[in-house]
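final_33.cif follows; it contains mmCIF, C-alpha atoms.
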```
data_coords
loop_
_atom_site.group_PDB
_atom_site.id
_atom_site.type_symbol
_atom_site.label_atom_id
_atom_site.label_comp_id
_atom_site.auth_asym_id
_atom_site.auth_seq_id
_atom_site.Cartn_x
_atom_site.Cartn_y
_atom_site.Cartn_z
ATOM 1 C CA MET W 1 67.364 36.189 34.239
ATOM 2 C CA ARG W 2 65.192 37.364 31.353
ATOM 3 C CA ALA W 3 61.738 36.373 30.094
ATOM 4 C CA PHE W 4 60.408 37.139 26.625
ATOM 5 C CA VAL W 5 56.653 37.756 26.604
ATOM 6 C CA PHE W 6 54.146 38.092 23.790
ATOM 7 C CA PRO W 7 50.913 40.148 23.649
ATOM 8 C CA GLY W 8 47.362 38.975 23.104
ATOM 9 C CA GLN W 9 44.355 40.241 21.198
ATOM 10 C CA GLY W 10 43.793 43.978 21.284
ATOM 11 C CA SER W 11 47.352 44.927 20.348
ATOM 12 C CA GLN W 12 46.586 44.917 16.607
ATOM 13 C CA LYS W 13 46.468 48.176 14.659
ATOM 14 C CA VAL W 14 46.571 49.175 11.008
ATOM 15 C CA GLY W 15 50.161 49.802 9.930
ATOM 16 C CA MET W 16 51.636 47.113 12.160
ATOM 17 C CA GLY W 17 54.790 45.599 10.723
ATOM 18 C CA ALA W 18 55.124 48.113 7.879
ATOM 19 C CA GLU W 19 58.286 49.750 9.210
ATOM 20 C CA LEU W 20 59.895 46.363 9.916
ATOM 21 C CA ALA W 21 59.071 45.075 6.439
ATOM 22 C CA GLY W 22 60.539 48.188 4.865
ATOM 23 C CA ALA W 23 63.755 47.886 6.835
ATOM 24 C CA SER W 24 64.461 44.163 7.078
ATOM 25 C CA ALA W 25 64.344 41.152 4.773
ATOM 26 C CA ALA W 26 63.917 38.954 7.869
ATOM 27 C CA ALA W 27 60.568 40.627 8.626
ATOM 28 C CA ARG W 28 59.433 40.397 4.995
ATOM 29 C CA GLU W 29 60.208 36.677 4.997
ATOM 30 C CA VAL W 30 58.057 36.155 8.101
ATOM 31 C CA PHE W 31 55.090 37.977 6.594
ATOM 32 C CA GLN W 32 55.424 36.149 3.264
ATOM 33 C CA GLU W 33 55.633 32.726 4.932
ATOM 34 C CA ILE W 34 52.460 33.441 6.914
ATOM 35 C CA ASP W 35 50.642 34.724 3.820
ATOM 36 C CA ASP W 36 51.605 31.514 2.014
ATOM 37 C CA ALA W 37 50.539 29.316 4.935
ATOM 38 C CA LEU W 38 47.122 30.979 5.221
ATOM 39 C CA GLY W 39 46.506 31.538 1.533
ATOM 40 C CA GLN W 40 45.574 35.166 2.175
ATOM 41 C CA HIS W 41 47.225 38.577 2.005
ATOM 42 C CA LEU W 42 47.375 39.017 5.778
ATOM 43 C CA PHE W 43 50.336 41.382 5.717
ATOM 44 C CA ALA W 44 48.549 43.713 3.296
ATOM 45 C CA LEU W 45 45.650 43.759 5.762
ATOM 46 C CA MET W 46 48.045 44.492 8.632
ATOM 47 C CA ARG W 47 49.717 47.292 6.708
ATOM 48 C CA ASP W 48 46.733 48.920 4.994
ATOM 49 C CA GLY W 49 43.572 47.737 6.765
ATOM 50 C CA PRO W 50 40.619 48.160 6.728
ATOM 51 C CA GLU W 51 40.587 48.180 10.521
ATOM 52 C CA ASP W 52 37.289 46.307 10.855
ATOM 53 C CA GLN W 53 38.746 43.377 8.901
ATOM 54 C CA LEU W 54 42.009 43.381 10.852
ATOM 55 C CA THR W 55 40.069 43.374 14.131
ATOM 56 C CA LEU W 56 38.153 40.209 13.210
ATOM 57 C CA THR W 57 39.363 37.533 15.603
ATOM 58 C CA GLU W 58 40.437 35.156 12.841
ATOM 59 C CA ASN W 59 42.701 37.878 11.369
ATOM 60 C CA ALA W 60 43.821 39.640 14.544
ATOM 61 C CA GLN W 61 45.211 36.499 16.158
ATOM 62 C CA PRO W 62 47.636 35.480 13.371
ATOM 63 C CA ALA W 63 48.454 39.155 12.676
ATOM 64 C CA ILE W 64 49.569 39.823 16.255
ATOM 65 C CA MET W 65 51.674 36.668 16.174
ATOM 66 C CA ALA W 66 53.168 37.627 12.800
ATOM 67 C CA HIS W 67 54.233 41.034 14.074
ATOM 68 C CA ALA W 68 55.850 39.654 17.227
ATOM 69 C CA ILE W 69 57.733 36.905 15.402
ATOM 70 C CA ALA W 70 58.918 39.426 12.806
ATOM 71 C CA VAL W 71 60.347 41.539 15.633
ATOM 72 C CA LEU W 72 62.063 38.444 17.038
ATOM 73 C CA ARG W 73 63.488 37.351 13.678
ATOM 74 C CA VAL W 74 64.879 40.824 12.995
ATOM 75 C CA LEU W 75 66.400 40.875 16.472
ATOM 76 C CA GLU W 76 67.945 37.463 15.925
ATOM 77 C CA ARG W 77 69.276 38.197 12.443
ATOM 78 C CA GLU W 78 70.343 41.824 12.826
ATOM 79 C CA GLY W 79 71.531 41.423 16.405
ATOM 80 C CA GLY W 80 73.072 37.983 15.990
ATOM 81 C CA LEU W 81 71.115 36.729 19.004
ATOM 82 C CA ALA W 82 69.362 33.440 19.754
ATOM 83 C CA LEU W 83 66.270 33.422 21.951
ATOM 84 C CA SER W 84 67.364 30.231 23.701
ATOM 85 C CA ASP W 85 70.602 31.921 24.774
ATOM 86 C CA LYS W 86 68.962 35.074 26.118
ATOM 87 C CA ALA W 87 65.685 33.854 27.660
ATOM 88 C CA GLY W 88 65.138 31.924 30.864
ATOM 89 C CA PHE W 89 61.416 31.595 30.083
ATOM 90 C CA VAL W 90 58.789 32.603 27.544
ATOM 91 C CA ALA W 91 55.153 33.471 28.171
ATOM 92 C CA GLY W 92 52.257 34.943 26.250
ATOM 93 C CA HIS W 93 48.840 36.391 27.020
ATOM 94 C CA SER W 94 46.109 34.167 25.539
ATOM 95 C CA LEU W 95 46.968 33.823 21.819
ATOM 96 C CA GLY W 96 50.439 35.042 22.820
ATOM 97 C CA GLU W 97 51.117 31.562 24.204
ATOM 98 C CA TYR W 98 51.166 30.285 20.625
ATOM 99 C CA THR W 99 53.562 33.079 19.673
ATOM 100 C CA ALA W 100 55.769 32.191 22.635
ATOM 101 C CA LEU W 101 55.806 28.533 21.628
ATOM 102 C CA CYS W 102 56.651 29.472 18.035
ATOM 103 C CA ALA W 103 59.479 31.687 19.302
ATOM 104 C CA ALA W 104 60.764 28.786 21.415
ATOM 105 C CA GLY W 105 60.650 26.363 18.473
ATOM 106 C CA ALA W 106 57.740 24.180 19.619
ATOM 107 C CA PHE W 107 55.649 25.125 16.549
ATOM 108 C CA THR W 108 56.768 26.117 13.063
ATOM 109 C CA LEU W 109 55.766 29.575 11.897
ATOM 110 C CA ALA W 110 53.361 28.180 9.292
ATOM 111 C CA ASP W 111 51.709 25.817 11.778
ATOM 112 C CA THR W 112 51.349 28.623 14.325
ATOM 113 C CA ALA W 113 49.606 30.823 11.766
ATOM 114 C CA ARG W 114 47.202 28.040 10.763
ATOM 115 C CA LEU W 115 46.444 27.129 14.378
ATOM 116 C CA LEU W 116 45.679 30.744 15.286
ATOM 117 C CA LYS W 117 43.498 31.247 12.204
ATOM 118 C CA LEU W 118 41.477 28.198 13.201
ATOM 119 C CA ARG W 119 41.428 29.261 16.861
ATOM 120 C CA GLY W 120 40.042 32.657 15.922
ATOM 121 C CA GLN W 121 37.372 31.135 13.691
ATOM 122 C CA ALA W 122 36.396 28.569 16.340
ATOM 123 C CA MET W 123 36.188 31.151 19.127
ATOM 124 C CA GLN W 124 34.006 33.428 17.003
ATOM 125 C CA ALA W 125 31.725 30.559 15.990
ATOM 126 C CA ALA W 126 31.313 29.184 19.521
ATOM 127 C CA VAL W 127 28.752 31.797 20.608
ATOM 128 C CA PRO W 128 26.300 33.716 18.401
ATOM 129 C CA VAL W 129 27.195 37.395 18.019
ATOM 130 C CA GLY W 130 25.429 39.480 20.648
ATOM 131 C CA LEU W 131 24.951 36.649 23.149
ATOM 132 C CA GLY W 132 28.321 37.042 24.878
ATOM 133 C CA ALA W 133 30.405 39.963 26.137
ATOM 134 C CA MET W 134 33.437 40.906 28.211
ATOM 135 C CA CYS W 135 34.210 43.801 30.534
ATOM 136 C CA ALA W 136 37.315 45.167 32.211
ATOM 137 C CA LEU W 137 37.142 45.948 35.913
ATOM 138 C CA LEU W 138 39.491 48.769 36.884
ATOM 139 C CA GLY W 139 40.547 49.074 40.484
ATOM 140 C CA ALA W 140 39.574 45.466 41.180
ATOM 141 C CA ASP W 141 41.566 42.572 42.526
ATOM 142 C CA VAL W 142 40.588 39.026 41.663
ATOM 143 C CA ASP W 143 38.657 38.454 44.901
ATOM 144 C CA LYS W 144 36.423 41.491 44.335
ATOM 145 C CA ALA W 145 35.975 40.464 40.693
ATOM 146 C CA GLN W 146 34.927 36.942 41.648
ATOM 147 C CA GLY W 147 32.417 38.300 44.123
ATOM 148 C CA LEU W 148 30.903 40.578 41.500
ATOM 149 C CA ALA W 149 30.855 37.786 38.905
ATOM 150 C CA ALA W 150 29.073 35.386 41.272
ATOM 151 C CA TRP W 151 26.407 38.012 42.004
ATOM 152 C CA ALA W 152 25.955 39.068 38.369
ATOM 153 C CA ALA W 153 25.631 35.535 36.970
ATOM 154 C CA GLN W 154 22.058 34.950 38.223
ATOM 155 C CA GLY W 155 21.847 31.626 36.426
ATOM 156 C CA GLU W 156 23.945 32.727 33.457
ATOM 157 C CA VAL W 157 27.693 32.581 32.833
ATOM 158 C CA CYS W 158 29.807 35.370 34.334
ATOM 159 C CA GLU W 159 33.403 34.411 35.077
ATOM 160 C CA VAL W 160 36.870 35.870 35.585
ATOM 161 C CA ALA W 161 38.564 35.603 32.185
ATOM 162 C CA ASN W 162 41.820 37.525 32.718
ATOM 163 C CA ASP W 163 43.617 38.315 35.965
ATOM 164 C CA ASN W 164 45.898 40.884 34.357
ATOM 165 C CA ASP W 165 47.486 42.832 37.206
ATOM 166 C CA PRO W 166 46.703 43.907 40.781
ATOM 167 C CA GLY W 167 44.163 46.491 39.600
ATOM 168 C CA GLN W 168 42.719 45.055 36.386
ATOM 169 C CA VAL W 169 40.539 41.974 35.991
ATOM 170 C CA VAL W 170 38.381 41.008 32.997
ATOM 171 C CA LEU W 171 35.015 39.229 33.200
ATOM 172 C CA SER W 172 33.474 37.157 30.407
ATOM 173 C CA GLY W 173 30.097 35.513 29.887
ATOM 174 C CA HIS W 174 26.528 36.131 28.780
ATOM 175 C CA ARG W 175 25.863 39.717 27.688
ATOM 176 C CA ALA W 176 23.079 40.294 30.225
ATOM 177 C CA ALA W 177 25.278 39.080 33.086
ATOM 178 C CA ILE W 178 28.181 41.269 31.993
ATOM 179 C CA ASP W 179 25.826 44.265 31.768
ATOM 180 C CA ARG W 180 24.686 43.553 35.334
ATOM 181 C CA ALA W 181 28.300 43.370 36.475
ATOM 182 C CA VAL W 182 29.216 46.723 34.896
ATOM 183 C CA ALA W 183 26.181 48.388 36.468
ATOM 184 C CA ALA W 184 27.011 47.063 39.956
ATOM 185 C CA VAL W 185 30.754 47.749 40.224
ATOM 186 C CA LYS W 186 30.412 50.418 42.906
ATOM 187 C CA ASP W 187 28.509 48.007 45.158
ATOM 188 C CA PHE W 188 31.587 45.781 45.167
ATOM 189 C CA GLU W 189 34.057 48.620 45.819
ATOM 190 C CA ILE W 190 35.375 48.487 42.257
ATOM 191 C CA LYS W 191 36.367 51.785 40.640
ATOM 192 C CA ARG W 192 34.993 51.239 37.143
ATOM 193 C CA GLY W 193 33.603 48.653 34.733
ATOM 194 C CA VAL W 194 34.116 49.021 30.974
ATOM 195 C CA LEU W 195 32.545 46.902 28.245
ATOM 196 C CA LEU W 196 35.242 45.643 25.864
ATOM 197 C CA PRO W 197 34.875 45.875 22.068
ATOM 198 C CA VAL W 198 35.043 42.110 21.504
ATOM 199 C CA SER W 199 32.693 39.880 19.567
ATOM 200 C CA ALA W 200 32.717 36.804 21.821
ATOM 201 C CA PRO W 201 33.064 35.844 25.519
ATOM 202 C CA PHE W 202 36.650 34.585 25.438
ATOM 203 C CA HIS W 203 38.107 32.489 28.261
ATOM 204 C CA SER W 204 34.726 31.453 29.630
ATOM 205 C CA THR W 205 32.905 28.124 29.724
ATOM 206 C CA LEU W 206 30.819 29.377 26.772
ATOM 207 C CA MET W 207 33.920 28.708 24.636
ATOM 208 C CA GLY W 208 33.528 24.924 24.993
ATOM 209 C CA PRO W 209 32.983 24.296 21.252
ATOM 210 C CA ALA W 210 36.192 26.214 20.483
ATOM 211 C CA ALA W 211 38.114 24.092 23.001
ATOM 212 C CA GLU W 212 36.893 20.965 21.196
ATOM 213 C CA ALA W 213 38.050 22.411 17.883
ATOM 214 C CA MET W 214 41.507 23.149 19.309
ATOM 215 C CA LEU W 215 41.747 19.650 20.792
ATOM 216 C CA GLU W 216 41.298 18.205 17.307
ATOM 217 C CA ALA W 217 43.664 20.745 15.739
ATOM 218 C CA LEU W 218 46.434 20.086 18.262
ATOM 219 C CA GLU W 219 46.081 16.340 17.774
ATOM 220 C CA ARG W 220 46.767 16.949 14.072
ATOM 221 C CA THR W 221 49.524 19.506 14.758
ATOM 222 C CA PRO W 222 51.084 18.690 18.125
ATOM 223 C CA PRO W 223 53.760 20.936 19.642
ATOM 224 C CA GLY W 224 57.356 19.818 19.907
ATOM 225 C CA VAL W 225 59.700 20.385 22.812
ATOM 226 C CA PRO W 226 60.289 24.120 23.306
ATOM 227 C CA GLY W 227 63.861 25.327 23.534
ATOM 228 C CA VAL W 228 62.792 27.516 26.467
ATOM 229 C CA ALA W 229 60.172 26.594 29.083
ATOM 230 C CA LEU W 230 56.763 28.273 28.850
ATOM 231 C CA TYR W 231 54.906 29.777 31.794
ATOM 232 C CA ALA W 232 51.366 28.606 31.028
ATOM 233 C CA ASN W 233 48.302 30.845 31.335
ATOM 234 C CA VAL W 234 46.200 28.118 32.937
ATOM 235 C CA THR W 235 48.619 27.092 35.705
ATOM 236 C CA ALA W 236 51.006 30.067 36.076
ATOM 237 C CA GLU W 237 53.745 27.411 36.168
ATOM 238 C CA PRO W 238 56.545 26.426 33.764
ATOM 239 C CA VAL W 239 55.940 23.600 31.307
ATOM 240 C CA ALA W 240 58.144 21.997 28.668
ATOM 241 C CA ASP W 241 56.462 18.612 28.034
ATOM 242 C CA PRO W 242 54.726 18.711 24.630
ATOM 243 C CA VAL W 243 51.786 16.549 25.722
ATOM 244 C CA GLU W 244 51.129 18.790 28.702
ATOM 245 C CA ILE W 245 51.550 21.919 26.581
ATOM 246 C CA ALA W 246 48.866 20.705 24.170
ATOM 247 C CA ARG W 247 46.529 19.855 27.048
ATOM 248 C CA LEU W 248 46.983 23.298 28.578
ATOM 249 C CA LEU W 249 46.411 25.054 25.241
ATOM 250 C CA VAL W 250 43.037 23.311 24.998
ATOM 251 C CA ARG W 251 42.127 24.217 28.590
ATOM 252 C CA GLN W 252 43.236 27.811 27.983
ATOM 253 C CA VAL W 253 40.298 28.451 25.636
ATOM 254 C CA THR W 254 37.741 28.151 28.455
ATOM 255 C CA ASN W 255 39.926 28.961 31.468
ATOM 256 C CA ARG W 256 41.231 32.102 33.121
ATOM 257 C CA VAL W 257 44.420 33.762 31.882
ATOM 258 C CA ARG W 258 46.433 33.907 35.108
ATOM 259 C CA TRP W 259 48.766 36.632 33.902
ATOM 260 C CA ARG W 260 49.352 38.419 37.223
ATOM 261 C CA GLU W 261 50.205 35.117 38.900
ATOM 262 C CA SER W 262 52.483 34.141 36.002
ATOM 263 C CA VAL W 263 54.445 37.386 36.295
ATOM 264 C CA LEU W 264 54.811 36.950 40.050
ATOM 265 C CA ALA W 265 55.902 33.337 39.567
ATOM 266 C CA MET W 266 58.502 34.273 36.961
ATOM 267 C CA ALA W 267 59.825 37.041 39.188
ATOM 268 C CA GLY W 268 59.972 34.556 42.051
ATOM 269 C CA ALA W 269 61.929 32.170 39.827
ATOM 270 C CA GLY W 270 64.574 34.828 39.230
ATOM 271 C CA VAL W 271 63.337 36.806 36.232
ATOM 272 C CA GLU W 272 64.569 40.387 36.582
ATOM 273 C CA HIS W 273 63.924 41.627 33.029
ATOM 274 C CA PHE W 274 60.717 41.164 31.018
ATOM 275 C CA VAL W 275 60.960 41.869 27.278
ATOM 276 C CA GLU W 276 57.665 42.278 25.394
ATOM 277 C CA LEU W 277 58.066 41.625 21.680
ATOM 278 C CA GLY W 278 55.559 43.098 19.230
ATOM 279 C CA GLY W 279 53.456 45.179 21.594
ATOM 280 C CA LYS W 280 53.196 47.613 24.484
ATOM 281 C CA VAL W 281 50.248 46.039 26.298
ATOM 282 C CA LEU W 282 51.878 43.621 28.726
ATOM 283 C CA THR W 283 54.695 45.925 29.844
ATOM 284 C CA PRO W 284 52.526 48.223 32.024
ATOM 285 C CA MET W 285 50.718 45.205 33.514
ATOM 286 C CA ILE W 286 54.078 43.675 34.455
ATOM 287 C CA ALA W 287 55.296 46.972 35.909
ATOM 288 C CA ARG W 288 52.245 47.160 38.162
ATOM 289 C CA THR W 289 52.612 43.511 39.210
ATOM 290 C CA ALA W 290 56.374 43.305 39.698
ATOM 291 C CA PRO W 291 57.521 46.925 40.148
ATOM 292 C CA ASP W 292 61.111 45.945 40.932
ATOM 293 C CA ALA W 293 61.556 44.177 37.583
ATOM 294 C CA GLN W 294 62.961 45.851 34.480
ATOM 295 C CA THR W 295 60.537 45.996 31.544
ATOM 296 C CA THR W 296 61.251 46.635 27.865
ATOM 297 C CA SER W 297 58.784 46.902 24.981
ATOM 298 C CA VAL W 298 60.164 46.158 21.516
ATOM 299 C CA VAL W 299 58.123 47.182 18.468
ATOM 300 C CA SER W 300 60.188 49.373 16.127
ATOM 301 C CA MET W 301 63.593 49.039 14.466
ATOM 302 C CA ALA W 302 64.934 51.572 16.983
ATOM 303 C CA ASP W 303 63.627 49.387 19.820
ATOM 304 C CA ILE W 304 65.283 46.330 18.280
ATOM 305 C CA GLU W 305 68.635 48.108 17.877
ATOM 306 C CA ALA W 306 68.525 49.385 21.454
ATOM 307 C CA LEU W 307 67.731 45.926 22.864
ATOM 308 C CA ALA W 308 70.414 44.241 20.741
ATOM 309 C CA LYS W 309 73.008 46.573 22.268
ATOM 310 C CA GLN W 310 71.702 45.899 25.751
ATOM 311 C CA LEU W 311 71.758 42.110 25.356
#
```
Is it possible to give me this structure as structure tokens?
Amino acid sequence: MRAFVFPGQGSQKVGMGAELAGASAAAREVFQEIDDALGQHLFALMRDGPEDQLTLTENAQPAIMAHAIAVLRVLEREGGLALSDKAGFVAGHSLGEYTALCAAGAFTLADTARLLKLRGQAMQAAVPVGLGAMCALLGADVDKAQGLAAWAAQGEVCEVANDNDPGQVVLSGHRAAIDRAVAAVKDFEIKRGVLLPVSAPFHSTLMGPAAEAMLEALERTPPGVPGVALYANVTAEPVADPVEIARLLVRQVTNRVRWRESVLAMAGAGVEHFVELGGKVLTPMIARTAPDAQTTSVVSMADIEALAKQL
């Protein structure tokens, strides 16, 4: 069985999608539809930068989705494949859940772009710049990370935001608490703590205002039934009911991304091949979590052609 997975924030870079757009009308159509939906020249920003504008959360989130869906559309058109025929499940890391749901037909491309633009704006606005932060803990399992977070909080917010793989966990919360956590990693037998270049404390309780914004947005633009079940970040379990999907997308804003558990659960359900579309971030995490599984990252036209032959 195969799962198609979709990357989250941090996988953006200037030049993304340029090769696909030059080689395939299917990719150009995706980028044009998203530009029209957002009323901005997002693809020009993806292709040419500047990097500081592309990295803004409200631009990075729809851009990462646009790139991944362009890869999928080229694969489907050039390879004559249908996702629903080739995937047992879909999953995505944080914003990648929206990409996964778009790929599975639960959201239209235009609605996905608008939802992610709003999500990025709401997450940035939830906490004043400088008040929140995130850090990656390397050589930490989730138990060690939780112990460090509980110590570092000291009356502030410091929480596990991403359980990425057996040796990488991300904390999120107030800047002072995150600084304390990074300084104390050795005391908790953690190899290293690294501050992340993000502008807000994602996936923490500080994101409450953004969760409220997404609740309203998803009431206006509810998901449909996906053609392929989604493994949800919040539960690490499959879901296909649109009402439950919407509820979990709201909870996801303030809750932990249970990526390691999701990968293990998919492997336990029979997934032997994980295909990451539009990035190379999730593939190494999956390899460390489920080393017996096959992993494939698909970004370029050569990647697409190779996967089409394999499928």
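The space between CA of Leu148 (chain W) and CA of Arg256 (chain W) spans 15.8 Å.
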### Task
For CA of Leu116 (chain W) and CA of Pro50 (chain W), quote the distance in Å rounded to one decimal.
20.1 Å
### Selection under test: the PyMOL selection byres ((chain W and resi 89-92) around 10); residues as a PyMOL selection string
chain W and resi 1-8+83-84+86-88+93-101+103-104+226-233+236+238-239+257+259+262-263+266+269+271+274-277+282
#### Entry: Residue IDs satisfying the PyMOL selection byres ((chain W and resi 160) around 10), as number ranges by chain
W: 134-136, 142-143, 145-150, 158-159, 161-163, 169-173, 203-204, 255-258
Residues in the PyMOL selection byres ((chain W and resi 12) around 10), expressed as a PDB file with C-alpha atoms, keeping the file's coordinate frame:
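Final file, out_1.pdb:
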```pdb
ATOM      1  CA  PRO W   7      50.913  40.148  23.649  1.00  0.00           C
ATOM      2  CA  GLY W   8      47.362  38.975  23.104  1.00  0.00           C
ATOM      3  CA  GLN W   9      44.355  40.241  21.198  1.00  0.00           C
ATOM      4  CA  GLY W  10      43.793  43.978  21.284  1.00  0.00           C
ATOM      5  CA  SER W  11      47.352  44.927  20.348  1.00  0.00           C
ATOM      6  CA  LYS W  13      46.468  48.176  14.659  1.00  0.00           C
ATOM      7  CA  VAL W  14      46.571  49.175  11.008  1.00  0.00           C
ATOM      8  CA  GLY W  15      50.161  49.802   9.930  1.00  0.00           C
ATOM      9  CA  MET W  16      51.636  47.113  12.160  1.00  0.00           C
ATOM     10  CA  MET W  46      48.045  44.492   8.632  1.00  0.00           C
ATOM     11  CA  GLU W  51      40.587  48.180  10.521  1.00  0.00           C
ATOM     12  CA  LEU W  54      42.009  43.381  10.852  1.00  0.00           C
ATOM     13  CA  THR W  55      40.069  43.374  14.131  1.00  0.00           C
ATOM     14  CA  ASN W  59      42.701  37.878  11.369  1.00  0.00           C
ATOM     15  CA  ALA W  60      43.821  39.640  14.544  1.00  0.00           C
ATOM     16  CA  GLN W  61      45.211  36.499  16.158  1.00  0.00           C
ATOM     17  CA  ALA W  63      48.454  39.155  12.676  1.00  0.00           C
ATOM     18  CA  ILE W  64      49.569  39.823  16.255  1.00  0.00           C
ATOM     19  CA  MET W  65      51.674  36.668  16.174  1.00  0.00           C
ATOM     20  CA  HIS W  67      54.233  41.034  14.074  1.00  0.00           C
ATOM     21  CA  GLY W 278      55.559  43.098  19.230  1.00  0.00           C
ATOM     22  CA  GLY W 279      53.456  45.179  21.594  1.00  0.00           C
TER      23      GLY W 279
END
```
### Message
I'd like the neighbourhood of region 120-123 of chain W as an NGL selection string, where a residue qualifies if any of its atoms comes within 6 Å (using all atoms listed in the file), though same-chain residues fewer than 6 positions away should be ignored.
### Response
:W and (57-58 or 210)
### Message
So that I can check the surroundings of region 250-252 of chain W, please list as a PyMOL selection string every protein, DNA and RNA residue that reaches within 6 Å of it, counting only C-alpha atoms and ignoring chain neighbours fewer than 4 positions away.
### Response
chain W and resi 211+214-215+234
